[in-house]
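Reproduced below: start09.csv, with CSV, C-alpha atoms.
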```
chain,number,residue,atom,x,y,z
A,10,MET,CA,144.6,165.6,-70.4
A,11,GLU,CA,144.9,161.8,-70.2
A,12,PRO,CA,146.9,159.9,-72.8
A,13,ARG,CA,144.9,158.0,-75.4
A,14,ARG,CA,144.7,154.3,-74.9
A,15,ASN,CA,145.0,151.9,-77.8
A,16,VAL,CA,141.9,150.0,-77.1
A,17,ALA,CA,140.1,148.2,-79.9
A,18,ALA,CA,136.5,149.1,-80.0
A,19,PRO,CA,134.0,146.2,-80.5
A,20,VAL,CA,133.0,145.8,-84.0
A,21,ARG,CA,129.3,145.4,-84.8
A,22,PHE,CA,127.9,144.4,-88.1
A,23,GLU,CA,124.9,146.3,-89.2
A,24,PRO,CA,123.2,145.5,-92.5
A,25,PRO,CA,123.5,148.3,-94.9
A,26,ALA,CA,120.5,150.3,-95.9
A,27,THR,CA,118.9,149.5,-99.2
A,28,GLY,CA,120.9,150.8,-102.1
A,29,ALA,CA,123.9,151.6,-99.9
A,30,ALA,CA,127.3,150.4,-101.0
A,31,VAL,CA,129.1,147.8,-98.9
A,32,PRO,CA,132.5,149.1,-97.8
A,33,GLN,CA,135.5,147.2,-99.0
A,34,GLN,CA,137.0,145.0,-96.3
A,35,PRO,CA,140.8,144.8,-96.0
A,36,VAL,CA,142.4,141.5,-97.3
A,37,ALA,CA,144.9,139.8,-95.0
A,38,ARG,CA,148.2,139.1,-96.6
A,39,ALA,CA,149.7,135.6,-96.4
A,40,VAL,CA,152.7,135.4,-94.2
A,41,PRO,CA,155.3,133.1,-96.0
A,42,ASP,CA,156.6,131.3,-92.8
A,43,ALA,CA,153.2,131.0,-91.1
A,44,THR,CA,151.3,127.7,-91.1
A,45,PRO,CA,147.7,128.1,-92.1
A,46,ALA,CA,145.2,127.4,-89.4
A,47,GLY,CA,142.1,125.3,-89.8
A,48,ALA,CA,139.6,123.5,-87.7
A,49,ALA,CA,140.4,120.1,-86.3
A,50,GLY,CA,140.2,117.5,-89.1
A,51,GLU,CA,139.8,120.2,-91.8
A,52,THR,CA,142.0,120.3,-94.8
A,53,VAL,CA,143.3,123.8,-95.4
A,54,ALA,CA,143.4,124.9,-99.0
A,55,PRO,CA,146.7,126.1,-100.4
A,56,TYR,CA,147.0,129.9,-100.8
A,57,ALA,CA,149.3,132.1,-102.8
A,58,GLN,CA,152.8,133.0,-101.8
A,59,PRO,CA,154.4,136.3,-102.7
A,60,ASP,CA,156.5,134.6,-105.4
A,61,GLY,CA,153.6,132.8,-106.9
A,62,ALA,CA,154.3,129.4,-105.4
A,63,ALA,CA,151.5,127.4,-103.7
A,64,TYR,CA,151.8,126.7,-100.0
A,65,VAL,CA,150.5,123.3,-98.9
A,66,SER,CA,149.8,122.2,-95.4
A,67,ARG,CA,151.8,119.3,-93.9
A,68,GLU,CA,148.5,117.5,-93.4
A,69,THR,CA,147.6,117.7,-97.0
A,70,SER,CA,148.7,114.4,-98.7
A,71,THR,CA,150.6,114.8,-101.9
A,72,ARG,CA,150.7,112.5,-104.9
A,73,GLU,CA,154.4,111.8,-104.2
A,74,GLU,CA,153.5,110.4,-100.8
A,75,ASP,CA,150.7,108.2,-102.0
A,76,ASP,CA,152.0,106.7,-105.2
A,77,PRO,CA,155.4,105.1,-104.3
A,78,PRO,CA,154.0,102.4,-101.9
A,79,LEU,CA,151.4,101.4,-104.6
A,80,ALA,CA,154.0,101.5,-107.3
A,81,MET,CA,156.4,99.4,-105.2
A,82,GLU,CA,153.7,96.8,-104.5
A,83,ALA,CA,152.8,96.6,-108.2
A,84,ARG,CA,156.5,96.1,-109.1
A,85,ARG,CA,156.8,93.4,-106.5
A,86,ALA,CA,153.7,91.7,-107.9
A,87,VAL,CA,155.0,91.7,-111.5
A,88,GLN,CA,158.4,90.4,-110.3
A,89,ILE,CA,156.8,87.6,-108.3
A,90,LEU,CA,154.2,86.5,-110.9
A,91,ASN,CA,156.8,86.7,-113.8
A,92,PRO,CA,154.3,87.0,-116.6
A,93,SER,CA,157.0,86.7,-119.2
A,94,GLY,CA,157.7,83.1,-118.1
A,95,GLU,CA,161.5,83.5,-118.3
A,96,VAL,CA,163.8,81.5,-116.2
A,97,THR,CA,164.8,84.1,-113.6
A,98,MET,CA,165.8,81.6,-110.8
A,99,PRO,CA,168.7,79.4,-111.7
A,100,ARG,CA,167.9,75.8,-112.2
A,101,PRO,CA,170.1,73.3,-110.3
A,102,GLU,CA,172.4,70.9,-112.0
A,103,ARG,CA,170.7,67.9,-110.3
A,104,THR,CA,167.2,67.1,-109.1
A,105,ARG,CA,167.0,68.4,-105.5
A,106,VAL,CA,164.7,66.3,-103.3
A,107,MET,CA,163.9,68.3,-100.3
A,108,CYS,CA,162.0,67.0,-97.3
A,109,VAL,CA,160.1,69.7,-95.3
A,110,ALA,CA,160.1,68.3,-91.8
A,111,ASN,CA,159.4,69.3,-88.2
A,112,GLN,CA,157.5,67.1,-85.7
A,113,LYS,CA,156.1,70.3,-84.1
A,114,GLY,CA,152.8,71.2,-85.6
A,115,GLY,CA,151.8,74.6,-86.8
A,116,VAL,CA,155.3,75.9,-87.7
A,117,GLY,CA,154.5,76.4,-91.4
A,118,LYS,CA,155.6,73.2,-93.1
A,119,THR,CA,152.7,73.0,-95.5
A,120,THR,CA,152.7,76.8,-96.1
A,121,THR,CA,156.4,76.8,-96.8
A,122,THR,CA,156.2,73.8,-99.1
A,123,VAL,CA,153.3,75.3,-101.2
A,124,ASN,CA,154.7,78.8,-101.5
A,125,LEU,CA,158.3,77.8,-102.3
A,126,ALA,CA,157.1,75.3,-104.9
A,127,VAL,CA,154.9,77.9,-106.6
A,128,ALA,CA,157.6,80.6,-106.5
A,129,LEU,CA,160.2,78.3,-108.1
A,130,ALA,CA,157.7,77.0,-110.7
A,131,LEU,CA,156.7,80.6,-111.7
A,132,HIS,CA,160.3,81.4,-112.4
A,133,GLY,CA,161.2,78.5,-114.7
A,134,ASN,CA,161.8,75.5,-112.5
A,135,ARG,CA,160.0,72.1,-112.9
A,136,VAL,CA,158.6,71.3,-109.4
A,137,LEU,CA,156.9,68.2,-107.9
A,138,VAL,CA,155.1,68.4,-104.5
A,139,VAL,CA,154.5,65.2,-102.7
A,140,ASP,CA,151.8,65.6,-100.0
A,141,LEU,CA,152.7,63.0,-97.3
A,142,ASP,CA,150.4,64.5,-94.7
A,143,PRO,CA,147.1,62.6,-94.2
A,144,GLN,CA,145.4,66.0,-93.6
A,145,GLY,CA,146.1,66.8,-97.3
A,146,ASN,CA,146.6,70.5,-96.7
A,147,ALA,CA,149.3,70.9,-99.4
A,148,SER,CA,146.8,69.5,-101.9
A,149,THR,CA,144.2,72.0,-100.7
A,150,GLY,CA,146.7,74.9,-101.0
A,151,LEU,CA,147.4,73.9,-104.6
A,152,ASP,CA,143.7,73.3,-105.4
A,153,VAL,CA,144.3,69.7,-106.3
A,154,PRO,CA,141.4,67.2,-105.8
A,155,HIS,CA,142.1,64.8,-102.9
A,156,HIS,CA,138.8,63.3,-101.9
A,157,THR,CA,138.3,59.6,-101.4
A,158,GLY,CA,138.7,57.6,-104.6
A,159,ILE,CA,141.4,59.8,-106.1
A,160,PRO,CA,144.7,58.0,-106.7
A,161,ASP,CA,147.1,59.4,-104.2
A,162,VAL,CA,150.5,58.8,-102.5
A,163,TYR,CA,148.9,56.0,-100.5
A,164,ASP,CA,148.7,53.9,-103.7
A,165,CYS,CA,152.3,54.5,-104.4
A,166,LEU,CA,153.4,53.4,-100.9
A,167,ILE,CA,151.2,50.4,-100.4
A,168,ASN,CA,150.1,49.3,-103.9
A,169,SER,CA,153.3,50.3,-105.7
A,170,MET,CA,151.4,52.4,-108.2
A,171,PRO,CA,153.8,54.5,-110.4
A,172,LEU,CA,154.1,58.1,-109.3
A,173,SER,CA,153.4,59.3,-112.9
A,174,GLU,CA,149.8,57.9,-112.6
A,175,VAL,CA,149.2,59.8,-109.4
A,176,ALA,CA,150.8,63.2,-110.0
A,177,GLN,CA,148.4,66.0,-111.1
A,178,ALA,CA,149.2,69.2,-112.9
A,179,VAL,CA,148.4,72.3,-110.9
A,180,ASP,CA,146.0,74.6,-112.7
A,181,GLY,CA,147.3,78.1,-113.5
A,182,ILE,CA,150.9,77.3,-112.5
A,183,PRO,CA,153.1,76.0,-115.3
A,184,ASN,CA,155.8,73.4,-114.5
A,185,LEU,CA,154.2,72.4,-111.2
A,186,TRP,CA,152.7,69.0,-110.3
A,187,CYS,CA,151.3,67.6,-107.1
A,188,VAL,CA,150.9,64.1,-105.7
A,189,PRO,CA,147.9,64.4,-103.5
A,190,ALA,CA,147.1,62.8,-100.1
A,191,THR,CA,143.7,61.5,-99.1
A,192,ILE,CA,142.4,60.3,-95.7
A,193,ASP,CA,143.5,56.8,-96.7
A,194,LEU,CA,147.0,57.8,-95.9
A,195,ALA,CA,146.1,57.9,-92.2
A,196,GLY,CA,146.2,54.1,-92.1
A,197,ALA,CA,149.5,53.8,-94.0
A,198,GLU,CA,151.6,54.0,-90.8
A,199,ILE,CA,150.1,50.7,-89.6
A,200,GLU,CA,150.0,49.0,-93.0
A,201,LEU,CA,153.7,49.8,-93.7
A,202,VAL,CA,154.8,47.9,-90.7
A,203,SER,CA,154.6,44.5,-92.5
A,204,VAL,CA,155.7,45.8,-95.9
A,205,VAL,CA,159.1,44.8,-97.2
A,206,ALA,CA,161.6,47.7,-97.4
A,207,ARG,CA,159.0,49.8,-95.7
A,208,GLU,CA,161.4,52.8,-95.1
A,209,SER,CA,162.3,53.2,-98.8
A,210,ARG,CA,159.0,52.8,-100.6
A,211,LEU,CA,158.7,56.5,-101.4
A,212,ALA,CA,162.4,56.7,-102.5
A,213,ARG,CA,161.7,54.0,-105.1
A,214,ALA,CA,158.6,55.7,-106.4
A,215,ILE,CA,160.4,59.0,-106.9
A,216,ALA,CA,163.4,57.3,-108.5
A,217,ALA,CA,161.2,55.4,-110.9
A,218,HIS,CA,159.3,58.6,-112.1
A,219,PRO,CA,160.3,59.3,-115.7
A,220,GLY,CA,159.9,63.1,-115.3
A,221,ASP,CA,163.0,65.3,-115.0
A,222,PHE,CA,162.3,67.7,-112.1
A,223,ASP,CA,164.4,70.4,-110.7
A,224,TYR,CA,162.8,70.2,-107.3
A,225,VAL,CA,160.8,67.6,-105.4
A,226,PHE,CA,159.3,68.9,-102.2
A,227,ILE,CA,158.0,66.4,-99.7
A,228,ASP,CA,155.5,67.8,-97.1
A,229,CYS,CA,155.8,65.7,-94.0
A,230,PRO,CA,153.2,65.1,-91.2
A,231,PRO,CA,153.8,66.6,-87.8
A,232,SER,CA,155.2,63.4,-86.4
A,233,LEU,CA,158.3,61.2,-86.5
A,234,GLY,CA,156.6,58.0,-87.7
A,235,LEU,CA,157.1,55.8,-90.8
A,236,LEU,CA,155.8,58.4,-93.2
A,237,THR,CA,158.4,61.0,-92.1
A,238,VAL,CA,161.1,58.3,-92.2
A,239,ASN,CA,160.1,57.5,-95.8
A,240,ALA,CA,160.5,61.1,-96.6
A,241,LEU,CA,163.9,61.3,-94.9
A,242,VAL,CA,165.1,58.2,-96.8
A,243,ALA,CA,163.8,59.6,-100.2
A,244,ALA,CA,165.3,63.1,-99.7
A,245,GLN,CA,168.9,64.4,-100.0
A,246,GLU,CA,168.2,67.6,-98.1
A,247,VAL,CA,166.0,68.6,-95.1
A,248,LEU,CA,164.4,72.0,-94.9
A,249,ILE,CA,163.3,72.7,-91.3
A,250,PRO,CA,160.8,75.6,-90.8
A,251,ILE,CA,161.1,77.0,-87.3
A,252,GLN,CA,158.5,79.1,-85.7
A,253,CYS,CA,160.0,82.1,-83.8
A,254,GLU,CA,158.8,80.8,-80.4
A,255,TYR,CA,160.3,78.8,-77.6
A,256,TYR,CA,158.2,75.6,-78.1
A,257,ALA,CA,159.5,75.3,-81.7
A,258,LEU,CA,163.1,75.2,-80.4
A,259,GLU,CA,162.3,72.7,-77.7
A,260,GLY,CA,161.6,69.7,-80.0
A,261,LEU,CA,164.3,70.6,-82.5
A,262,ASN,CA,167.0,68.3,-80.8
A,263,GLN,CA,164.8,65.3,-81.2
A,264,LEU,CA,164.3,66.0,-84.9
A,265,ILE,CA,168.1,66.4,-85.4
A,266,ASN,CA,168.7,63.1,-83.6
A,267,ASN,CA,166.2,61.3,-85.8
A,268,ILE,CA,167.8,62.8,-88.9
A,269,ASN,CA,171.2,61.6,-87.7
A,270,LEU,CA,169.9,58.1,-87.2
A,271,VAL,CA,168.4,58.0,-90.7
A,272,ARG,CA,171.8,59.2,-92.1
A,273,GLN,CA,173.7,56.5,-90.2
A,274,HIS,CA,171.5,53.5,-91.1
A,275,LEU,CA,169.4,54.3,-94.2
A,276,ASN,CA,170.4,57.4,-96.2
A,277,PRO,CA,174.1,58.5,-95.8
A,278,ALA,CA,173.5,61.4,-98.3
A,279,LEU,CA,170.9,63.1,-96.1
A,280,GLU,CA,171.8,66.5,-94.7
A,281,VAL,CA,170.1,69.5,-93.1
A,282,SER,CA,170.7,72.1,-95.8
A,283,THR,CA,168.1,74.8,-95.0
A,284,ILE,CA,166.6,76.4,-92.0
A,285,LEU,CA,163.7,78.9,-92.5
A,286,LEU,CA,162.4,81.1,-89.7
A,287,THR,CA,158.6,81.5,-89.9
A,288,MET,CA,155.9,83.6,-88.2
A,289,TYR,CA,158.4,86.2,-87.2
A,290,ASP,CA,156.9,89.1,-85.2
A,291,ARG,CA,159.3,91.9,-85.1
A,292,ARG,CA,157.4,93.6,-82.3
A,293,THR,CA,158.5,91.1,-79.7
A,294,ARG,CA,162.0,90.5,-78.2
A,295,LEU,CA,161.3,86.8,-78.1
A,296,ALA,CA,161.3,86.6,-81.9
A,297,ASP,CA,164.7,88.3,-82.0
A,298,ALA,CA,166.1,86.0,-79.3
A,299,VAL,CA,164.9,82.9,-81.1
A,300,GLU,CA,166.4,84.2,-84.4
A,301,GLN,CA,169.8,84.8,-82.8
A,302,ASP,CA,169.9,81.4,-81.1
A,303,VAL,CA,169.0,79.6,-84.4
A,304,ARG,CA,171.6,81.6,-86.4
A,305,ASN,CA,174.3,81.0,-83.8
A,306,HIS,CA,173.7,77.3,-83.8
A,307,PHE,CA,173.1,76.6,-87.5
A,308,GLY,CA,175.1,79.4,-89.1
A,309,ASP,CA,174.9,79.7,-92.9
A,310,LYS,CA,172.2,77.0,-93.1
A,311,VAL,CA,169.7,79.6,-91.9
A,312,LEU,CA,168.2,81.6,-94.8
A,313,GLN,CA,168.6,85.4,-94.6
A,314,ALA,CA,164.9,85.7,-95.7
A,315,VAL,CA,162.5,85.5,-92.7
A,316,ILE,CA,158.8,84.9,-93.1
A,317,PRO,CA,156.7,87.4,-91.0
A,318,ARG,CA,153.3,87.0,-89.6
A,319,ASN,CA,151.0,88.0,-92.4
A,320,VAL,CA,147.3,87.5,-92.7
A,321,ARG,CA,147.5,87.1,-96.4
A,322,VAL,CA,149.5,83.9,-96.0
A,323,SER,CA,146.7,82.5,-93.8
A,324,GLU,CA,143.9,83.7,-96.1
A,325,ALA,CA,145.3,82.2,-99.3
A,326,PRO,CA,144.5,78.5,-98.7
A,327,SER,CA,140.8,79.3,-98.2
A,328,TYR,CA,140.8,80.3,-101.9
A,329,GLY,CA,142.8,77.3,-103.0
A,330,GLN,CA,145.8,79.4,-103.8
A,331,SER,CA,149.3,80.1,-102.5
A,332,VAL,CA,150.0,83.6,-101.3
A,333,MET,CA,152.2,84.1,-104.4
A,334,THR,CA,149.1,84.2,-106.6
A,335,TYR,CA,146.5,85.4,-104.0
A,336,ASP,CA,148.3,88.6,-103.1
A,337,PRO,CA,151.7,88.8,-104.9
A,338,GLY,CA,152.4,92.3,-103.5
A,339,SER,CA,152.0,91.4,-99.8
A,340,ARG,CA,154.9,91.1,-97.4
A,341,GLY,CA,154.3,87.3,-97.0
A,342,ALA,CA,154.6,86.7,-100.8
A,343,THR,CA,157.7,88.9,-101.0
A,344,SER,CA,159.4,87.0,-98.1
A,345,TYR,CA,158.7,83.6,-99.7
A,346,PHE,CA,159.9,84.8,-103.0
A,347,GLU,CA,163.2,85.9,-101.4
A,348,ALA,CA,163.5,82.6,-99.7
A,349,ALA,CA,162.9,80.7,-102.9
A,350,GLN,CA,165.5,82.8,-104.7
A,351,GLU,CA,168.0,82.1,-102.0
A,352,ILE,CA,167.4,78.4,-102.2
A,353,ALA,CA,167.7,78.5,-106.0
A,354,GLU,CA,171.0,80.4,-105.8
A,355,ARG,CA,172.5,78.0,-103.3
A,356,GLY,CA,171.5,75.0,-105.5
A,357,ALA,CA,173.1,76.6,-108.6
A,358,LYS,CA,176.5,76.5,-106.8
A,359,GLU,CA,176.6,72.7,-106.8
A,360,PRO,CA,178.0,71.4,-110.2
A,361,VAL,CA,176.7,67.9,-110.0
A,362,SER,CA,175.0,65.6,-112.5
A,363,ARG,CA,171.3,66.4,-113.1
A,364,HIS,CA,170.3,62.8,-112.5
A,365,ALA,CA,169.4,62.3,-108.8
```
Is it possible to express this structure as structure tokens?
Amino acid sequence: MEPRRNVAAPVRFEPPATGAAVPQQPVARAVPDATPAGAAGETVAPYAQPDGAAYVSRETSTREEDDPPLAMEARRAVQILNPSGEVTMPRPERTRVMCVANQKGGVGKTTTTVNLAVALALHGNRVLVVDLDPQGNASTGLDVPHHTGIPDVYDCLINSMPLSEVAQAVDGIPNLWCVPATIDLAGAEIELVSVVARESRLARAIAAHPGDFDYVFIDCPPSLGLLTVNALVAAQEVLIPIQCEYYALEGLNQLINNINLVRQHLNPALEVSTILLTMYDRRTRLADAVEQDVRNHFGDKVLQAVIPRNVRVSEAPSYGQSVMTYDPGSRGATSYFEAAQEIAERGAKEPVSRHA
């Protein structure tokens, strides 16, 4: 007699006869350590464990995984917008006139000027932005009218119009004013050649302004002409945005040489106080190499905050806003907020008279 083989017979399903009872099928028990299987892309529902706990697949998102990023973004937005209006960034003991300069175009001068000014103004500082670029991009970013016929910085430089008659309050941002630039400023380089004391026209206009500001940011054009020289003579500090690419480093020596010439002959108080790295792409080794070179050369003058490449920063001007108000929870807004906080804390360590 042959031994019985344990061979499973094929199972066929036959519909029961009318009125016949359907036999009870056995129920598979859940194995505690087993992972429930499902079709590709299918979410497997939790099933009961022996102790009554629910088993959830690793592919099933939980509320704890979804909520924290949104909650963190909301907290950042509230922190940046500061709806309470309290002074959360320390005010300097003196008016800090900062010239944002770099003859290399496209490194983020205007973007840096606008976002730092908005961040400081939202947190209790009185800020004036002087748009010295004929393109008028800073005026656009702050949604300040700058079409032909509007009194602008050209009238201050050429016609000696008081700055108080030109400055406009920025809508929606308390404690922030802007001196716009129109296309008329494009001819100022030529007209200033024959003007007496042509290098110090802007410095006189700022000194004569009756307002008491904590910060004056001067947005320079991408050149080393008379407009930039006026800004360097009017300022006490230079903020240099540096794009994390090789070309941005190449022209830096020429800018430093010009700053030294202005310091020697026109403005002995001028100093390079702040370096800000912009358009940082952490996926590339080049960005890391540029950052290390800049930090090794300039030391503590380089801010710890680094501005990443962020599409929200580029989108904001098309809506007449800074990224601080356009998307306050974005990485770009957070980075500019950290940079503004760092600048404010550095300025608070200088116990000097508030009168510039």
As a PDB file with C-alpha atoms, in the frame of the given file, please: the residues near Glu347 (chain A) (cut-off 6 Å, all atoms listed in the file, same-chain neighbours under 3 positions excluded).
```pdb
ATOM      1  CA  ALA A 314     164.900  85.700 -95.700  1.00  0.00           C
ATOM      2  CA  SER A 344     159.400  87.000 -98.100  1.00  0.00           C
ATOM      3  CA  GLN A 350     165.500  82.800-104.700  1.00  0.00           C
TER       4      GLN A 350
END
```
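Atom pair CA of Val271 (chain A) / CA of Leu166 (chain A) has a distance of 18.7 Å (rounded to one decimal).
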Any idea what the distance is between CA of Glu95 (chain A) and CA of Asn184 (chain A)?
-> 12.2 Å
Quick one, how far is CA of Gly308 (chain A) from CA of Thr283 (chain A)?
-> 10.2 Å
Looking at A:Leu264, A:Ile316, A:Leu211, A:Ile284, which one is nearest to Ser232 (chain A), with distances taken over only C-alpha atoms?
-> A:Leu264
Excluding same-chain residues fewer than 2 positions from region 335-340 of chain A, what lies within 6 Å of it counting only C-alpha atoms, as a PyMOL selection string?
-> chain A and resi 82+85-86+325+332-333+342-343
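Residue nearest Pro326 (chain A) within the list A:Ala244, A:Val96, A:Ala147, A:Ala110: A:Ala147 [criterion: smallest interatomic distance, only C-alpha atoms].
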For Asp142 (chain A), work out the shell of residues within 8 Å, counting only C-alpha atoms and skipping chain neighbours fewer than 6 positions away, then give it as an NGL selection string.
-> :A and (190 or 194 or 228-231)
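Across A:Ile167, A:Val127, A:Cys187, A:Leu236, the tightest approach to His155 (chain A) is made by A:Cys187 when counting all atoms listed in the file.
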Selection near region 212-219 of chain A, 10 Å with all atoms listed in the file, sequence-local residues under 2 positions removed, as a list in words | Val106, Leu137, Val139, Val162, Cys165, Leu166, Ser169, Met170, Pro171, Leu172, Ser173, Glu174, Ala176, Ala206, Glu208, Ser209, Arg210, Asp221, Phe222, Val225, Asn239, Ala240, Leu241, Val242, Ala243, Ala244, His364 and Ala365 of chain A
May I have the residues within 9 Å of Pro189 (chain A) as a PyMOL selection string, using all atoms listed in the file and disregarding those fewer than 5 positions away in the same chain?
-> chain A and resi 138-141+145+147-149+153-155+159-163+175-177
Need the neighbours of (156.7, 72.8, -112.7): which residues are at most 8 Å away, counting all atoms listed in the file, as a ChimeraX atom specification?
-> /A:129-131,133-137,182-186,222
Kindly indicate which residue among A:Leu125, A:Ala257, A:Leu270, A:Cys108 lies nearest to Thr237 (chain A), using all atoms listed in the file for the distances.
-> A:Cys108
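The residue that comes closest to Asn146 (chain A), out of A:Ala80, A:Ile89, A:Ile265, A:Val123 and on the basis of all atoms listed in the file, is A:Val123.
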Residue with smallest distance to Glu246 (chain A) - pool A:Val311, A:Ile199, A:Leu258, A:Val281, counting only C-alpha atoms | A:Val281
